[in-house]
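Structure, as structure tokens:
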Amino acid sequence: MNDPILCFYDSLAPYYHLIFEDWDKSIERQGAALHSLLEALSGAGPRKILDCACGIGTQAIGLARHGHQVVGSDLSPAAVERAKHEAQVRGLNVSFLVSDMTSLAEIEERDFDVVLALDNALPHLAPAGLRDAVSAMSTKLRAGGIFLASTRDYDALIRERPTVQGPSFYGGDGQRRIVLQVWDWIERDRYRLHMYITHQADGHWETHQFVSEYRCLVRGELSRALASAGLEGIRWLMPDESGFYQPIVVARKPEDAIG
């Protein structure tokens with residue numbers, strides 16, 4: 001990833017929870033959905049999980065609450081520090097460290113039961129970066145381990161080309177928030193996202209703008225990248241099937257894989 005992406009997440013880290021109507025409930029809801037999905041895929045029992053796009057810890061914290069052994073990593077030092085704090089105040093033992101998902105060089109373990117890349121993290125990457133990330137994540141999985149990633153539904157969005165997402169209005173008197181996204185389409189499959197978070201603070205209103213770029217990573221492209229990395233059993237689950245809020249792709253490392 002390049003510096004603009006790092007700046008986006010570093011600057012967003014203190015405010016990320018404001019995107020949600022209730023972040024704690026989102027942690028609980030997403031953790032429960034992922035826990036149930038993992039049980040459906042491979043049976044009961046805690047898993048050793050690497051969340052390699054952990055952000056401020058939404059899914060990592062949610063999964064740790066279900067008894068999983070979680071390691072979280074992210075490109076953004078500010079997000080990682082926030083995630084450490086949020087896990088600590090909730091009494092959870094989660095390891096967090098800074099690492100770029102295209103290499104995961106700082107992750108020493110190579111025997112994870114599950115590797116995650118959620119919350120539309122992969123569409124930041126150009127095709128070469130995507131291949132590097134998928135390859136790096138595959139090397140961290142044990143043989144038979146599960147890969148999960150979620151993205152926006154770009155198969156639909158690339159046709160619709162929306163220019164606005166929201167606004168969403170949260171909170172009550174004195175604690176109101178407005179969250180709005182504006183999308184500027186740069187090319188047919190690439191857009192610049194402007195996120196605006198306006199909230200009441202100490203009796204006045206504050207507005208924060210965060211800017212990043214994404215490309216429309218359609219399901220076929222990601223599936224091909226997973227297959228090229230040697231993963232198998234690739235299938236997509238839509239939200240009504242998985243219970244998660246974005247489409248999820250599931251794949252496995254072959255049982256006979258070496259390294």
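Following the order of the structure tokens, first chain is A, next is B, and so on, with residues numbered from 1 inside each chain and ligands from 1 in the order they appear.
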I'd like the contact shell of His17 of chain A - 12 Å cut-off, only C-alpha atoms, skipping same-chain residues fewer than 3 positions apart - returned as a compact mmCIF listing (two decimals) with N, CA and C atoms, in the first residue's frame.
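Below is the file result_23.txt, written as the result:
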```txt
# COMPACT_ATOMS: atom_id res chain seq x y z
N LEU A 12 -8.21 8.41 10.41
CA LEU A 12 -9.56 7.96 10.73
C LEU A 12 -9.64 7.23 12.07
N ALA A 13 -8.53 6.66 12.53
CA ALA A 13 -8.54 5.79 13.71
C ALA A 13 -9.26 6.38 14.93
N PRO A 14 -9.04 7.65 15.30
CA PRO A 14 -9.72 8.16 16.50
C PRO A 14 -11.23 8.31 16.34
N PHE A 20 -20.40 3.86 13.03
CA PHE A 20 -21.44 2.91 13.43
C PHE A 20 -22.48 3.60 14.30
N GLU A 21 -23.70 3.14 14.20
CA GLU A 21 -24.73 3.65 15.10
C GLU A 21 -24.37 3.32 16.55
N ASP A 22 -23.90 2.10 16.79
CA ASP A 22 -23.44 1.67 18.11
C ASP A 22 -22.30 0.69 17.86
N TRP A 23 -21.07 1.14 18.06
CA TRP A 23 -19.92 0.31 17.71
C TRP A 23 -19.88 -0.97 18.54
N ASP A 24 -20.19 -0.91 19.83
CA ASP A 24 -20.16 -2.11 20.66
C ASP A 24 -21.15 -3.15 20.16
N LYS A 25 -22.32 -2.71 19.74
CA LYS A 25 -23.29 -3.66 19.19
C LYS A 25 -22.81 -4.24 17.87
N SER A 26 -22.11 -3.43 17.07
CA SER A 26 -21.56 -3.93 15.82
C SER A 26 -20.46 -4.97 16.08
N ILE A 27 -19.63 -4.73 17.08
CA ILE A 27 -18.61 -5.71 17.48
C ILE A 27 -19.29 -7.04 17.82
N GLY A 55 -7.87 -3.00 11.56
CA GLY A 55 -8.36 -1.67 11.89
C GLY A 55 -8.31 -1.43 13.39
N ILE A 56 -9.36 -0.86 13.95
CA ILE A 56 -9.40 -0.59 15.39
C ILE A 56 -9.94 -1.78 16.17
N GLY A 57 -10.14 -2.94 15.51
CA GLY A 57 -10.41 -4.17 16.23
C GLY A 57 -11.83 -4.69 16.20
N THR A 58 -12.66 -4.20 15.31
CA THR A 58 -14.07 -4.57 15.31
C THR A 58 -14.26 -6.09 15.29
N ALA A 79 -4.29 2.85 14.09
CA ALA A 79 -5.38 1.89 14.24
C ALA A 79 -4.97 0.76 15.18
N ARG A 82 -5.08 1.93 18.76
CA ARG A 82 -6.48 2.02 19.20
C ARG A 82 -7.03 0.62 19.48
N ALA A 83 -6.74 -0.34 18.61
CA ALA A 83 -7.23 -1.71 18.81
C ALA A 83 -6.68 -2.30 20.10
N GLU A 86 -8.63 -0.77 22.97
CA GLU A 86 -10.02 -1.23 23.04
C GLU A 86 -10.10 -2.66 23.57
N TYR A 170 -27.24 9.50 13.43
CA TYR A 170 -27.17 8.70 14.64
C TYR A 170 -27.24 9.60 15.88
N ARG A 177 -24.80 12.58 15.26
CA ARG A 177 -23.75 12.38 14.27
C ARG A 177 -24.37 12.24 12.90
N VAL A 179 -23.05 10.83 9.10
CA VAL A 179 -21.98 10.15 8.35
C VAL A 179 -22.39 10.12 6.89
N ILE A 197 -17.59 12.92 8.58
CA ILE A 197 -18.20 12.61 9.87
C ILE A 197 -18.41 13.94 10.60
N HIS A 199 -20.17 15.62 13.95
CA HIS A 199 -20.71 15.21 15.24
C HIS A 199 -20.68 16.37 16.23
```
(request) Give the strand (DSSP E or B) residues of segment 2-221 of chain A, as DSSP finds them on the backbone, and put them as a VMD selection string. (result) chain A and resid 48 to 51 69 to 74 95 to 98 112 to 117 141 to 150 164 to 170 177 to 187 190 to 201 204 to 215
(message) As an exercise, work out the distance from atom CA of Ala64 of chain A to atom CA of Glu28 of chain A in Å and give it to one decimal place.
(response)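 Answer for the atom CA of Ala64 of chain A to atom CA of Glu28 of chain A separation: 10.5 Å.
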(request) Choose the residue, out of A:Ser36, A:Ser99, A:Gln246, A:Gln30, that has the smallest atom-to-atom separation from Leu6 of chain A; count only C-alpha atoms. (result)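 For Leu6 of chain A, the nearest of the given residues is A:Ser99.
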(request) Can you check which residues of segment 59-222 of chain A DSSP gives as alpha helix (DSSP H) on the backbone and send them as a VMD selection string? (result) chain A and resid 59 to 64 77 to 89 127 to 139 154 to 160 219 to 222
(message) Could you list, as a ChimeraX atom specification, every residue within 12 Å of Asp202 of chain A, counting only C-alpha atoms and ignoring same-chain residues fewer than 5 positions away?
(response) /A:174-176
Neighbour list for segment 129-134 of chain A as a PDB file with N, CA, C and O atoms, in the first residue's frame, cut-off 10 Å, only C-alpha atoms, skip fewer than 2 positions in-chain:
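The resulting file, around.pdb, is reproduced below:
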```
ATOM      1  N   MET A   1       0.841  -1.195   0.000  1.00  0.00           N
ATOM      2  CA  MET A   1       0.000   0.000   0.000  1.00  0.00           C
ATOM      3  C   MET A   1       0.880   1.251   0.000  1.00  0.00           C
ATOM      4  O   MET A   1       2.034   1.201   0.407  1.00  0.00           O
ATOM      5  N   CYS A  52      -5.738  -9.787   9.398  1.00  0.00           N
ATOM      6  CA  CYS A  52      -4.626  -9.005   8.862  1.00  0.00           C
ATOM      7  C   CYS A  52      -5.051  -7.655   8.302  1.00  0.00           C
ATOM      8  O   CYS A  52      -4.249  -6.972   7.658  1.00  0.00           O
ATOM      9  N   ASP A 100       2.011  -4.802   6.954  1.00  0.00           N
ATOM     10  CA  ASP A 100       1.375  -4.595   5.659  1.00  0.00           C
ATOM     11  C   ASP A 100       0.863  -5.939   5.150  1.00  0.00           C
ATOM     12  O   ASP A 100       1.621  -6.915   5.072  1.00  0.00           O
ATOM     13  N   MET A 101      -0.406  -6.011   4.781  1.00  0.00           N
ATOM     14  CA  MET A 101      -0.980  -7.289   4.364  1.00  0.00           C
ATOM     15  C   MET A 101      -0.366  -7.839   3.083  1.00  0.00           C
ATOM     16  O   MET A 101      -0.533  -9.015   2.772  1.00  0.00           O
ATOM     17  N   THR A 102       0.348  -7.020   2.323  1.00  0.00           N
ATOM     18  CA  THR A 102       0.959  -7.529   1.099  1.00  0.00           C
ATOM     19  C   THR A 102       2.222  -8.336   1.370  1.00  0.00           C
ATOM     20  O   THR A 102       2.741  -8.985   0.463  1.00  0.00           O
ATOM     21  N   SER A 103       2.710  -8.310   2.611  1.00  0.00           N
ATOM     22  CA  SER A 103       3.882  -9.120   2.958  1.00  0.00           C
ATOM     23  C   SER A 103       3.685  -9.907   4.253  1.00  0.00           C
ATOM     24  O   SER A 103       4.136 -11.038   4.362  1.00  0.00           O
ATOM     25  N   LEU A 104       3.037  -9.289   5.243  1.00  0.00           N
ATOM     26  CA  LEU A 104       2.863  -9.887   6.575  1.00  0.00           C
ATOM     27  C   LEU A 104       4.201 -10.358   7.146  1.00  0.00           C
ATOM     28  O   LEU A 104       4.290 -11.360   7.859  1.00  0.00           O
ATOM     29  N   ALA A 117      -9.429 -11.000   6.014  1.00  0.00           N
ATOM     30  CA  ALA A 117      -9.180  -9.669   5.446  1.00  0.00           C
ATOM     31  C   ALA A 117     -10.553  -9.071   5.156  1.00  0.00           C
ATOM     32  O   ALA A 117     -11.074  -9.212   4.042  1.00  0.00           O
ATOM     33  N   LEU A 122      -9.194  -5.293   0.796  1.00  0.00           N
ATOM     34  CA  LEU A 122      -8.463  -5.697  -0.407  1.00  0.00           C
ATOM     35  C   LEU A 122      -8.656  -4.755  -1.596  1.00  0.00           C
ATOM     36  O   LEU A 122      -7.737  -4.614  -2.412  1.00  0.00           O
ATOM     37  N   PRO A 123      -9.818  -4.090  -1.763  1.00  0.00           N
ATOM     38  CA  PRO A 123      -9.970  -3.197  -2.922  1.00  0.00           C
ATOM     39  C   PRO A 123      -9.088  -1.948  -2.904  1.00  0.00           C
ATOM     40  O   PRO A 123      -9.111  -1.178  -3.859  1.00  0.00           O
ATOM     41  N   HIS A 124      -8.317  -1.732  -1.855  1.00  0.00           N
ATOM     42  CA  HIS A 124      -7.306  -0.672  -1.913  1.00  0.00           C
ATOM     43  C   HIS A 124      -6.163  -1.054  -2.853  1.00  0.00           C
ATOM     44  O   HIS A 124      -5.419  -0.179  -3.308  1.00  0.00           O
ATOM     45  N   LEU A 125      -5.998  -2.342  -3.122  1.00  0.00           N
ATOM     46  CA  LEU A 125      -4.799  -2.841  -3.775  1.00  0.00           C
ATOM     47  C   LEU A 125      -4.935  -2.890  -5.290  1.00  0.00           C
ATOM     48  O   LEU A 125      -5.978  -3.273  -5.823  1.00  0.00           O
ATOM     49  N   ALA A 126      -3.844  -2.564  -5.979  1.00  0.00           N
ATOM     50  CA  ALA A 126      -3.747  -2.808  -7.418  1.00  0.00           C
ATOM     51  C   ALA A 126      -3.631  -4.314  -7.641  1.00  0.00           C
ATOM     52  O   ALA A 126      -3.371  -5.072  -6.699  1.00  0.00           O
ATOM     53  N   PRO A 127      -3.822  -4.794  -8.884  1.00  0.00           N
ATOM     54  CA  PRO A 127      -3.774  -6.238  -9.120  1.00  0.00           C
ATOM     55  C   PRO A 127      -2.519  -6.926  -8.588  1.00  0.00           C
ATOM     56  O   PRO A 127      -2.602  -8.007  -7.996  1.00  0.00           O
ATOM     57  N   ALA A 136       0.661 -13.885   0.586  1.00  0.00           N
ATOM     58  CA  ALA A 136       1.163 -13.739   1.958  1.00  0.00           C
ATOM     59  C   ALA A 136       0.200 -14.356   2.962  1.00  0.00           C
ATOM     60  O   ALA A 136       0.616 -15.046   3.900  1.00  0.00           O
ATOM     61  N   MET A 137      -1.096 -14.132   2.767  1.00  0.00           N
ATOM     62  CA  MET A 137      -2.081 -14.688   3.689  1.00  0.00           C
ATOM     63  C   MET A 137      -2.104 -16.209   3.614  1.00  0.00           C
ATOM     64  O   MET A 137      -2.248 -16.894   4.627  1.00  0.00           O
ATOM     65  N   SER A 138      -1.947 -16.749   2.415  1.00  0.00           N
ATOM     66  CA  SER A 138      -1.932 -18.202   2.257  1.00  0.00           C
ATOM     67  C   SER A 138      -0.771 -18.828   3.017  1.00  0.00           C
ATOM     68  O   SER A 138      -0.922 -19.902   3.623  1.00  0.00           O
ATOM     69  N   THR A 139       0.378 -18.167   3.013  1.00  0.00           N
ATOM     70  CA  THR A 139       1.544 -18.735   3.709  1.00  0.00           C
ATOM     71  C   THR A 139       1.345 -18.780   5.217  1.00  0.00           C
ATOM     72  O   THR A 139       2.023 -19.557   5.904  1.00  0.00           O
ATOM     73  N   PHE A 147      -9.519 -19.291   4.613  1.00  0.00           N
ATOM     74  CA  PHE A 147      -9.354 -17.880   4.231  1.00  0.00           C
ATOM     75  C   PHE A 147     -10.730 -17.245   4.108  1.00  0.00           C
ATOM     76  O   PHE A 147     -11.627 -17.807   3.473  1.00  0.00           O
ATOM     77  N   ALA A 149     -12.499 -13.303   3.275  1.00  0.00           N
ATOM     78  CA  ALA A 149     -12.371 -11.882   2.958  1.00  0.00           C
ATOM     79  C   ALA A 149     -13.746 -11.332   2.627  1.00  0.00           C
ATOM     80  O   ALA A 149     -14.611 -12.052   2.119  1.00  0.00           O
ATOM     81  N   LEU A 217     -13.194  -4.276  -7.040  1.00  0.00           N
ATOM     82  CA  LEU A 217     -12.672  -5.635  -7.042  1.00  0.00           C
ATOM     83  C   LEU A 217     -13.854  -6.596  -7.144  1.00  0.00           C
ATOM     84  O   LEU A 217     -14.513  -6.898  -6.160  1.00  0.00           O
ATOM     85  N   GLU A 221     -12.463 -11.611 -10.146  1.00  0.00           N
ATOM     86  CA  GLU A 221     -11.037 -11.298 -10.035  1.00  0.00           C
ATOM     87  C   GLU A 221     -10.462 -11.837  -8.735  1.00  0.00           C
ATOM     88  O   GLU A 221      -9.372 -12.436  -8.715  1.00  0.00           O
ATOM     89  N   LEU A 222     -11.173 -11.612  -7.632  1.00  0.00           N
ATOM     90  CA  LEU A 222     -10.659 -12.097  -6.348  1.00  0.00           C
ATOM     91  C   LEU A 222     -10.624 -13.623  -6.318  1.00  0.00           C
ATOM     92  O   LEU A 222      -9.667 -14.226  -5.822  1.00  0.00           O
ATOM     93  N   ARG A 224     -10.127 -15.606  -8.833  1.00  0.00           N
ATOM     94  CA  ARG A 224      -8.982 -16.039  -9.643  1.00  0.00           C
ATOM     95  C   ARG A 224      -7.671 -15.842  -8.879  1.00  0.00           C
ATOM     96  O   ARG A 224      -6.756 -16.681  -8.965  1.00  0.00           O
ATOM     97  N   ALA A 225      -7.565 -14.756  -8.134  1.00  0.00           N
ATOM     98  CA  ALA A 225      -6.355 -14.515  -7.346  1.00  0.00           C
ATOM     99  C   ALA A 225      -6.186 -15.586  -6.263  1.00  0.00           C
ATOM    100  O   ALA A 225      -5.069 -16.063  -6.016  1.00  0.00           O
ATOM    101  N   LEU A 226      -7.287 -15.986  -5.649  1.00  0.00           N
ATOM    102  CA  LEU A 226      -7.224 -17.036  -4.632  1.00  0.00           C
ATOM    103  C   LEU A 226      -6.801 -18.369  -5.247  1.00  0.00           C
ATOM    104  O   LEU A 226      -5.977 -19.090  -4.685  1.00  0.00           O
ATOM    105  N   ALA A 227      -7.363 -18.688  -6.407  1.00  0.00           N
ATOM    106  CA  ALA A 227      -6.994 -19.934  -7.080  1.00  0.00           C
ATOM    107  C   ALA A 227      -5.519 -19.926  -7.482  1.00  0.00           C
ATOM    108  O   ALA A 227      -4.823 -20.939  -7.356  1.00  0.00           O
ATOM    109  N   SER A 228      -5.030 -18.775  -7.939  1.00  0.00           N
ATOM    110  CA  SER A 228      -3.622 -18.668  -8.338  1.00  0.00           C
ATOM    111  C   SER A 228      -2.684 -18.856  -7.150  1.00  0.00           C
ATOM    112  O   SER A 228      -1.543 -19.297  -7.323  1.00  0.00           O
ATOM    113  N   ALA A 229      -3.167 -18.514  -5.950  1.00  0.00           N
ATOM    114  CA  ALA A 229      -2.366 -18.699  -4.739  1.00  0.00           C
ATOM    115  C   ALA A 229      -2.453 -20.128  -4.206  1.00  0.00           C
ATOM    116  O   ALA A 229      -1.878 -20.429  -3.156  1.00  0.00           O
ATOM    117  N   GLY A 230      -3.181 -20.994  -4.912  1.00  0.00           N
ATOM    118  CA  GLY A 230      -3.266 -22.387  -4.520  1.00  0.00           C
ATOM    119  C   GLY A 230      -4.396 -22.715  -3.573  1.00  0.00           C
ATOM    120  O   GLY A 230      -4.484 -23.849  -3.078  1.00  0.00           O
ATOM    121  N   LEU A 231      -5.280 -21.754  -3.311  1.00  0.00           N
ATOM    122  CA  LEU A 231      -6.420 -22.019  -2.445  1.00  0.00           C
ATOM    123  C   LEU A 231      -7.527 -22.706  -3.243  1.00  0.00           C
ATOM    124  O   LEU A 231      -7.621 -22.550  -4.463  1.00  0.00           O
TER     125      LEU A 231
END
```
Show me a table, sorted first by chain and then by increasing residue number, of the residues of segment 199-235 of chain A having an atom at most 12 Å from segment 159-168 of chain A, each with its shortest atom pair and the distance in Å to one decimal, counting only C-alpha atoms and written as CSV.
```
residue,atom,partner,partner_atom,distance
A:His199,CA,A:Ser168,CA,11.6
A:Arg215,CA,A:Arg161,CA,11.6
A:Cys216,CA,A:Arg161,CA,10.0
A:Val218,CA,A:Arg159,CA,11.1
```
Non-local contacts of Gln69 of chain A (12 Å; only C-alpha atoms; under 2 positions in same chain excluded) as a short mmCIF file (atom, residue, chain, number, x, y, z; two decimals) with all heavy atoms, in the first residue's frame:
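Final output, saved to result.cif:
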```cif
data_model
loop_
_atom_site.label_atom_id
_atom_site.label_comp_id
_atom_site.auth_asym_id
_atom_site.auth_seq_id
_atom_site.Cartn_x
_atom_site.Cartn_y
_atom_site.Cartn_z
N GLY A 45 -15.30 -25.32 18.41
CA GLY A 45 -13.96 -25.24 18.96
C GLY A 45 -13.30 -23.92 18.65
O GLY A 45 -13.49 -23.37 17.56
N PRO A 46 -12.52 -23.39 19.56
CA PRO A 46 -11.82 -22.12 19.30
C PRO A 46 -10.79 -22.28 18.20
O PRO A 46 -10.21 -23.35 18.02
CB PRO A 46 -11.16 -21.79 20.65
CG PRO A 46 -11.03 -23.11 21.34
CD PRO A 46 -12.20 -23.92 20.90
N ARG A 47 -10.56 -21.20 17.46
CA ARG A 47 -9.61 -21.20 16.35
C ARG A 47 -8.46 -20.22 16.64
O ARG A 47 -8.62 -19.26 17.39
CB ARG A 47 -10.28 -20.75 15.05
CG ARG A 47 -11.52 -21.51 14.65
CD ARG A 47 -11.22 -22.96 14.31
NE ARG A 47 -12.33 -23.63 13.67
CZ ARG A 47 -13.41 -24.11 14.31
NH1 ARG A 47 -13.52 -23.96 15.61
NH2 ARG A 47 -14.36 -24.75 13.64
N LYS A 48 -7.33 -20.48 16.00
CA LYS A 48 -6.23 -19.53 15.99
C LYS A 48 -6.41 -18.69 14.74
O LYS A 48 -6.33 -19.20 13.62
CB LYS A 48 -4.89 -20.26 15.98
CG LYS A 48 -3.68 -19.33 16.03
CD LYS A 48 -2.38 -20.12 16.08
CE LYS A 48 -1.18 -19.18 16.13
NZ LYS A 48 0.10 -19.95 16.13
N ILE A 49 -6.66 -17.39 14.93
CA ILE A 49 -7.10 -16.53 13.84
C ILE A 49 -6.14 -15.36 13.66
O ILE A 49 -5.74 -14.71 14.64
CB ILE A 49 -8.52 -15.98 14.13
CG1 ILE A 49 -9.52 -17.14 14.23
CG2 ILE A 49 -8.95 -14.98 13.06
CD1 ILE A 49 -10.92 -16.72 14.66
N LEU A 50 -5.80 -15.06 12.41
CA LEU A 50 -5.08 -13.85 12.04
C LEU A 50 -6.02 -12.93 11.31
O LEU A 50 -6.53 -13.27 10.24
CB LEU A 50 -3.87 -14.18 11.15
CG LEU A 50 -3.15 -12.98 10.52
CD1 LEU A 50 -2.58 -12.07 11.60
CD2 LEU A 50 -2.06 -13.44 9.56
N ASP A 51 -6.27 -11.77 11.88
CA ASP A 51 -7.05 -10.72 11.23
C ASP A 51 -6.05 -9.71 10.70
O ASP A 51 -5.55 -8.86 11.44
CB ASP A 51 -8.01 -10.08 12.24
CG ASP A 51 -8.85 -8.96 11.66
OD1 ASP A 51 -8.64 -8.62 10.47
OD2 ASP A 51 -9.71 -8.43 12.38
N ALA A 60 -11.74 -8.50 15.34
CA ALA A 60 -10.80 -9.19 16.23
C ALA A 60 -11.35 -9.25 17.65
O ALA A 60 -11.30 -10.30 18.31
CB ALA A 60 -9.44 -8.48 16.21
N ILE A 61 -11.89 -8.14 18.14
CA ILE A 61 -12.47 -8.11 19.48
C ILE A 61 -13.70 -9.01 19.54
O ILE A 61 -13.89 -9.78 20.49
CB ILE A 61 -12.80 -6.67 19.88
CG1 ILE A 61 -11.51 -5.88 20.09
CG2 ILE A 61 -13.67 -6.63 21.14
CD1 ILE A 61 -11.72 -4.38 20.26
N GLY A 62 -14.55 -8.92 18.52
CA GLY A 62 -15.76 -9.74 18.51
C GLY A 62 -15.45 -11.22 18.53
O GLY A 62 -16.10 -11.99 19.24
N LEU A 63 -14.43 -11.66 17.79
CA LEU A 63 -14.07 -13.07 17.76
C LEU A 63 -13.39 -13.50 19.05
O LEU A 63 -13.60 -14.62 19.53
CB LEU A 63 -13.17 -13.34 16.56
CG LEU A 63 -13.89 -13.35 15.21
CD1 LEU A 63 -12.89 -13.25 14.06
CD2 LEU A 63 -14.75 -14.60 15.06
N ALA A 64 -12.57 -12.63 19.63
CA ALA A 64 -11.94 -12.95 20.91
C ALA A 64 -12.98 -13.17 22.00
O ALA A 64 -12.80 -14.02 22.88
CB ALA A 64 -10.98 -11.84 21.32
N ARG A 65 -14.07 -12.44 21.95
CA ARG A 65 -15.15 -12.63 22.93
C ARG A 65 -15.77 -14.02 22.83
O ARG A 65 -16.38 -14.49 23.79
CB ARG A 65 -16.23 -11.56 22.72
CG ARG A 65 -15.87 -10.21 23.30
CD ARG A 65 -16.97 -9.22 23.03
NE ARG A 65 -16.79 -7.99 23.80
CZ ARG A 65 -17.51 -6.88 23.63
NH1 ARG A 65 -18.46 -6.85 22.69
NH2 ARG A 65 -17.30 -5.82 24.36
N HIS A 66 -15.62 -14.66 21.68
CA HIS A 66 -16.14 -16.02 21.51
C HIS A 66 -15.09 -17.08 21.81
O HIS A 66 -15.28 -18.26 21.51
CB HIS A 66 -16.69 -16.20 20.09
CG HIS A 66 -18.02 -15.54 19.88
ND1 HIS A 66 -19.22 -16.17 20.14
CD2 HIS A 66 -18.33 -14.29 19.46
CE1 HIS A 66 -20.21 -15.35 19.88
NE2 HIS A 66 -19.71 -14.21 19.46
N GLY A 67 -13.98 -16.66 22.40
CA GLY A 67 -12.98 -17.61 22.85
C GLY A 67 -11.89 -17.94 21.87
O GLY A 67 -11.03 -18.78 22.14
N VAL A 71 -4.83 -12.87 16.61
CA VAL A 71 -3.75 -11.93 16.34
C VAL A 71 -4.28 -10.95 15.32
O VAL A 71 -4.82 -11.36 14.27
CB VAL A 71 -2.50 -12.64 15.81
CG1 VAL A 71 -1.43 -11.61 15.40
CG2 VAL A 71 -1.94 -13.60 16.84
N GLY A 72 -4.17 -9.66 15.60
CA GLY A 72 -4.61 -8.64 14.66
C GLY A 72 -3.43 -7.85 14.13
O GLY A 72 -2.50 -7.53 14.88
N LEU A 92 -9.69 -8.29 27.23
CA LEU A 92 -9.44 -9.35 26.26
C LEU A 92 -7.95 -9.44 25.95
O LEU A 92 -7.26 -8.41 25.81
CB LEU A 92 -10.22 -9.09 24.97
CG LEU A 92 -11.74 -9.11 25.11
CD1 LEU A 92 -12.38 -8.59 23.83
CD2 LEU A 92 -12.24 -10.51 25.44
N ASN A 93 -7.46 -10.66 25.79
CA ASN A 93 -6.06 -10.90 25.46
C ASN A 93 -5.93 -11.10 23.95
O ASN A 93 -6.06 -12.21 23.45
CB ASN A 93 -5.55 -12.12 26.22
CG ASN A 93 -4.07 -12.38 25.96
OD1 ASN A 93 -3.34 -11.48 25.55
ND2 ASN A 93 -3.64 -13.60 26.19
N VAL A 94 -5.71 -10.02 23.24
CA VAL A 94 -5.54 -10.06 21.79
C VAL A 94 -4.20 -9.43 21.46
O VAL A 94 -3.87 -8.35 21.98
CB VAL A 94 -6.67 -9.31 21.06
CG1 VAL A 94 -6.51 -9.44 19.55
CG2 VAL A 94 -8.03 -9.80 21.50
N SER A 95 -3.41 -10.08 20.61
CA SER A 95 -2.14 -9.52 20.18
C SER A 95 -2.35 -8.67 18.93
O SER A 95 -2.99 -9.13 17.98
CB SER A 95 -1.14 -10.64 19.86
OG SER A 95 -0.88 -11.42 21.00
N PHE A 96 -1.82 -7.45 18.93
CA PHE A 96 -1.93 -6.57 17.77
C PHE A 96 -0.54 -6.08 17.39
O PHE A 96 0.29 -5.77 18.26
CB PHE A 96 -2.80 -5.36 18.09
CG PHE A 96 -4.26 -5.67 18.26
CD1 PHE A 96 -4.81 -5.75 19.53
CD2 PHE A 96 -5.08 -5.88 17.16
CE1 PHE A 96 -6.16 -6.04 19.70
CE2 PHE A 96 -6.42 -6.17 17.33
CZ PHE A 96 -6.97 -6.25 18.60
N PHE A 112 -1.94 -20.63 11.31
CA PHE A 112 -3.26 -20.13 11.68
C PHE A 112 -4.35 -21.01 11.09
O PHE A 112 -4.26 -21.48 9.95
CB PHE A 112 -3.45 -18.68 11.21
CG PHE A 112 -2.65 -17.69 11.99
CD1 PHE A 112 -1.39 -17.28 11.55
CD2 PHE A 112 -3.13 -17.17 13.18
CE1 PHE A 112 -0.65 -16.36 12.27
CE2 PHE A 112 -2.38 -16.26 13.92
CZ PHE A 112 -1.13 -15.85 13.46
N ASP A 113 -5.40 -21.23 11.87
CA ASP A 113 -6.57 -21.95 11.37
C ASP A 113 -7.38 -21.11 10.40
O ASP A 113 -8.03 -21.63 9.49
CB ASP A 113 -7.49 -22.36 12.54
CG ASP A 113 -6.79 -23.24 13.54
OD1 ASP A 113 -6.22 -24.26 13.13
OD2 ASP A 113 -6.83 -22.92 14.75
N VAL A 114 -7.36 -19.79 10.63
CA VAL A 114 -8.17 -18.86 9.83
C VAL A 114 -7.36 -17.59 9.59
O VAL A 114 -6.70 -17.09 10.52
CB VAL A 114 -9.49 -18.49 10.55
CG1 VAL A 114 -10.36 -17.58 9.67
CG2 VAL A 114 -10.27 -19.73 10.96
N VAL A 115 -7.40 -17.06 8.38
CA VAL A 115 -6.87 -15.73 8.08
C VAL A 115 -8.00 -14.89 7.50
O VAL A 115 -8.72 -15.33 6.60
CB VAL A 115 -5.68 -15.79 7.11
CG1 VAL A 115 -5.25 -14.37 6.72
CG2 VAL A 115 -4.50 -16.52 7.73
#
```
(request) Considering only C-alpha atoms, return as a count of residues only whatever protein or nucleic-acid residues lie within 12 Å of segment 239-245 of chain A, sequence-local ones (same chain, fewer than 3 positions apart) excluded. (result) 31
(message) Please report the interatomic distance between atom CA of Gln88 of chain A and atom CA of Asp111 of chain A in Å with one decimal.
(response) 25.0 Å
